[in-house]
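Asks: For reference, this is upload-v4.pdb, and it has PDB, C-alpha atoms, pLDDT in the B column.
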ATOM      1  CA  MET A   1     -91.087 -18.335 -90.494  1.00 41.00           C
ATOM      2  CA  LEU A   2     -91.393 -20.473 -93.590  1.00 49.00           C
ATOM      3  CA  GLY A   3     -88.935 -20.949 -96.414  1.00 74.00           C
ATOM      4  CA  GLU A   4     -85.304 -19.995 -96.208  1.00 90.00           C
ATOM      5  CA  LEU A   5     -83.423 -17.547 -94.068  1.00 95.00           C
ATOM      6  CA  THR A   6     -82.974 -14.113 -95.534  1.00 96.00           C
ATOM      7  CA  GLU A   7     -79.575 -12.508 -95.934  1.00 96.00           C
ATOM      8  CA  ARG A   8     -80.400 -10.332 -92.902  1.00 97.00           C
ATOM      9  CA  ASP A   9     -81.339 -13.416 -90.850  1.00 97.00           C
ATOM     10  CA  ARG A  10     -78.034 -15.081 -91.710  1.00 97.00           C
ATOM     11  CA  ALA A  11     -76.156 -11.878 -90.856  1.00 97.00           C
ATOM     12  CA  ILE A  12     -77.839 -11.728 -87.438  1.00 97.00           C
ATOM     13  CA  LEU A  13     -76.932 -15.346 -86.706  1.00 96.00           C
ATOM     14  CA  ALA A  14     -73.378 -14.760 -87.955  1.00 95.00           C
ATOM     15  CA  LEU A  15     -72.979 -11.790 -85.616  1.00 94.00           C
ATOM     16  CA  GLU A  16     -74.168 -13.884 -82.677  1.00 92.00           C
ATOM     17  CA  THR A  17     -71.712 -16.630 -83.632  1.00 91.00           C
ATOM     18  CA  ALA A  18     -68.777 -14.236 -84.038  1.00 87.00           C
ATOM     19  CA  TRP A  19     -69.535 -11.837 -81.195  1.00 81.00           C
ATOM     20  CA  PRO A  20     -66.973 -13.140 -78.645  1.00 69.00           C
ATOM     21  CA  ARG A  21     -64.227 -12.277 -81.125  1.00 62.00           C
ATOM     22  CA  HIS A  22     -65.279  -8.642 -81.388  1.00 59.00           C
ATOM     23  CA  SER A  23     -64.126  -5.883 -79.111  1.00 59.00           C
ATOM     24  CA  GLY A  24     -66.103  -2.795 -78.236  1.00 64.00           C
ATOM     25  CA  ALA A  25     -69.775  -2.320 -77.624  1.00 85.00           C
ATOM     26  CA  LYS A  26     -72.048  -4.830 -79.330  1.00 88.00           C
ATOM     27  CA  GLU A  27     -74.590  -2.099 -80.070  1.00 90.00           C
ATOM     28  CA  GLU A  28     -71.998  -0.247 -82.151  1.00 90.00           C
ATOM     29  CA  VAL A  29     -71.224  -3.401 -84.143  1.00 90.00           C
ATOM     30  CA  ILE A  30     -74.928  -4.029 -84.725  1.00 93.00           C
ATOM     31  CA  ARG A  31     -75.409  -0.501 -86.046  1.00 95.00           C
ATOM     32  CA  ALA A  32     -72.243  -0.580 -88.202  1.00 94.00           C
ATOM     33  CA  GLN A  33     -72.671  -4.061 -89.687  1.00 93.00           C
ATOM     34  CA  LEU A  34     -76.430  -4.384 -89.914  1.00 96.00           C
ATOM     35  CA  GLY A  35     -77.626  -0.782 -90.015  1.00 97.00           C
ATOM     36  CA  MET A  36     -80.261  -1.204 -87.325  1.00 97.00           C
ATOM     37  CA  SER A  37     -80.771  -0.290 -83.708  1.00 95.00           C
ATOM     38  CA  ALA A  38     -79.910  -2.756 -80.973  1.00 92.00           C
ATOM     39  CA  ALA A  39     -83.591  -2.880 -79.982  1.00 94.00           C
ATOM     40  CA  ARG A  40     -84.605  -3.931 -83.501  1.00 97.00           C
ATOM     41  CA  TYR A  41     -81.750  -6.439 -83.650  1.00 96.00           C
ATOM     42  CA  TYR A  42     -82.833  -8.165 -80.438  1.00 94.00           C
ATOM     43  CA  GLN A  43     -86.464  -8.137 -81.552  1.00 97.00           C
ATOM     44  CA  LEU A  44     -85.507  -9.876 -84.802  1.00 97.00           C
ATOM     45  CA  LEU A  45     -83.117 -12.244 -83.041  1.00 97.00           C
ATOM     46  CA  GLY A  46     -85.865 -13.304 -80.638  1.00 96.00           C
ATOM     47  CA  ARG A  47     -88.212 -14.140 -83.497  1.00 96.00           C
ATOM     48  CA  LEU A  48     -85.434 -15.803 -85.425  1.00 96.00           C
ATOM     49  CA  ILE A  49     -84.395 -18.209 -82.676  1.00 96.00           C
ATOM     50  CA  ASP A  50     -88.020 -19.312 -82.322  1.00 96.00           C
ATOM     51  CA  SER A  51     -88.070 -20.439 -85.955  1.00 96.00           C
ATOM     52  CA  ASP A  52     -87.486 -24.008 -87.049  1.00 95.00           C
ATOM     53  CA  ILE A  53     -85.557 -22.829 -90.107  1.00 96.00           C
ATOM     54  CA  ALA A  54     -82.970 -21.043 -87.910  1.00 97.00           C
ATOM     55  CA  LEU A  55     -82.718 -24.137 -85.708  1.00 96.00           C
ATOM     56  CA  GLU A  56     -82.085 -26.229 -88.790  1.00 95.00           C
ATOM     57  CA  TYR A  57     -79.548 -23.698 -90.119  1.00 95.00           C
ATOM     58  CA  ASP A  58     -77.449 -23.545 -86.919  1.00 96.00           C
ATOM     59  CA  PRO A  59     -78.744 -25.911 -84.237  1.00 97.00           C
ATOM     60  CA  MET A  60     -75.879 -25.341 -81.784  1.00 96.00           C
ATOM     61  CA  LEU A  61     -76.188 -21.543 -81.825  1.00 96.00           C
ATOM     62  CA  VAL A  62     -79.980 -21.440 -81.772  1.00 97.00           C
ATOM     63  CA  GLY A  63     -80.136 -24.054 -79.012  1.00 96.00           C
ATOM     64  CA  ARG A  64     -77.643 -22.076 -76.915  1.00 94.00           C
ATOM     65  CA  LEU A  65     -79.512 -18.805 -77.454  1.00 94.00           C
ATOM     66  CA  ARG A  66     -82.831 -20.444 -76.545  1.00 95.00           C
ATOM     67  CA  ARG A  67     -81.329 -21.863 -73.339  1.00 95.00           C
ATOM     68  CA  ILE A  68     -79.911 -18.461 -72.380  1.00 92.00           C
ATOM     69  CA  ARG A  69     -83.241 -16.739 -73.056  1.00 93.00           C
ATOM     70  CA  ASP A  70     -85.242 -19.362 -71.172  1.00 92.00           C
ATOM     71  CA  SER A  71     -82.867 -19.272 -68.203  1.00 91.00           C
ATOM     72  CA  ARG A  72     -83.150 -15.486 -67.973  1.00 87.00           C
ATOM     73  CA  ALA A  73     -86.935 -15.682 -68.202  1.00 85.00           C
ATOM     74  CA  MET A  74     -87.052 -18.223 -65.384  1.00 87.00           C
ATOM     75  CA  ARG A  75     -84.836 -16.039 -63.174  1.00 87.00           C
ATOM     76  CA  ARG A  76     -87.050 -13.003 -63.849  1.00 84.00           C
ATOM     77  CA  ALA A  77     -90.197 -14.987 -63.106  1.00 83.00           C
ATOM     78  CA  ALA A  78     -88.720 -16.336 -59.873  1.00 82.00           C
ATOM     79  CA  ARG A  79     -88.110 -12.742 -58.699  1.00 79.00           C
ATOM     80  CA  THR A  80     -91.709 -11.759 -59.431  1.00 71.00           C
ATOM     81  CA  PRO A  81     -93.770 -11.454 -56.230  1.00 72.00           C
ATOM     82  CA  GLY A  82     -96.469 -14.082 -56.082  1.00 68.00           C
ATOM     83  CA  PHE A  83     -94.802 -16.334 -58.655  1.00 60.00           C
ATOM     84  CA  VAL A  84     -95.412 -20.006 -57.967  1.00 59.00           C
ATOM     85  CA  GLY A  85     -93.189 -22.216 -60.085  1.00 55.00           C
TER      86      GLY A  85
END
When written as structure tokens, how does the structure in this file appear?
Replies:
Amino acid sequence: MLGELTERDRAILALETAWPRHSGAKEEVIRAQLGMSAARYYQLLGRLIDSDIALEYDPMLVGRLRRIRDSRAMRRAARTPGFVG
């Protein structure tokens, strides 16, 4: 992702930053605030946190989200039969 973050990119990062303060189902907030499905949101979020521009924009948030994602991936891989890690 080159250039600057789009308004949608910033809104996704803002939702991730503010989420602990919200009540209710996150999927409902995603649909209401961003007008997209949760599946699309997580697809975009995954791409976004891999970008250097998002890391530069909010290094604490992006670093935390990368660590969470990587930790979950390692746990899934460790449960996979035949995995040697």
Asks: Grab the atom CA of A:Arg64 to atom CA of A:Tyr42 distance for me, in Å with one decimal place.
Replies: 15.3 Å
Asks: What residues come out when you apply the PyMOL selection byres ((chain A and resi 52) around 12) to this file, written as a ChimeraX atom specification?
Replies: /A:1-5,47-51,53-59,62-63
Asks: With only C-alpha atoms as the atoms that count, which of A:Ala77, A:Leu61, A:Leu45, A:Ala39 lies nearest to A:Asp9?
Replies: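 Once distances to A:Asp9 are computed over only C-alpha atoms, the minimum belongs to A:Leu45.
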Asks: Given only C-alpha atoms as the basis, pick out the residue of A:Arg76, A:Pro81, A:Leu44, A:Leu65 nearest to A:Glu16.
Replies: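 Among A:Arg76, A:Pro81, A:Leu44, A:Leu65, it is A:Leu65 that comes nearest to A:Glu16.
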Asks: Closest to A:Leu13 among A:Ile68, A:Thr80, A:Tyr41, A:Met36, using all atoms listed in the file?
Replies: A:Tyr41
Asks: Quote the spacing between atom CA of A:Thr17 and atom CA of A:Gln33 in Å to one decimal place.
Replies: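 The value is 14.0 Å.
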Asks: Quick one: what's the axis-aligned box for stretch 43-47 of chain A, all listed atoms, 3 Å on every side, centre and edges in Å to one decimal, as lines of an AutoDock Vina configuration file?
Replies:
center_x = -85.7
center_y = -11.1
center_z = -82.7
size_x = 11.1
size_y = 12.0
size_z = 10.2
Asks: Which residues are close to A:Arg40, i.e. within 12 Å by only C-alpha atoms, leaving aside same-chain residues fewer than 5 positions away? Reply as a short mmCIF file (atom, residue, chain, number, x, y, z; two decimals) with C-alpha atoms, in the coordinates of the input.
Replies:
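Result file is part.cif:
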data_model
loop_
_atom_site.label_atom_id
_atom_site.label_comp_id
_atom_site.auth_asym_id
_atom_site.auth_seq_id
_atom_site.Cartn_x
_atom_site.Cartn_y
_atom_site.Cartn_z
CA ILE A 12 -77.84 -11.73 -87.44
CA GLU A 27 -74.59 -2.10 -80.07
CA ILE A 30 -74.93 -4.03 -84.72
CA ARG A 31 -75.41 -0.50 -86.05
CA LEU A 34 -76.43 -4.38 -89.91
CA GLY A 35 -77.63 -0.78 -90.02
CA LEU A 45 -83.12 -12.24 -83.04
CA GLY A 46 -85.86 -13.30 -80.64
CA ARG A 47 -88.21 -14.14 -83.50
#
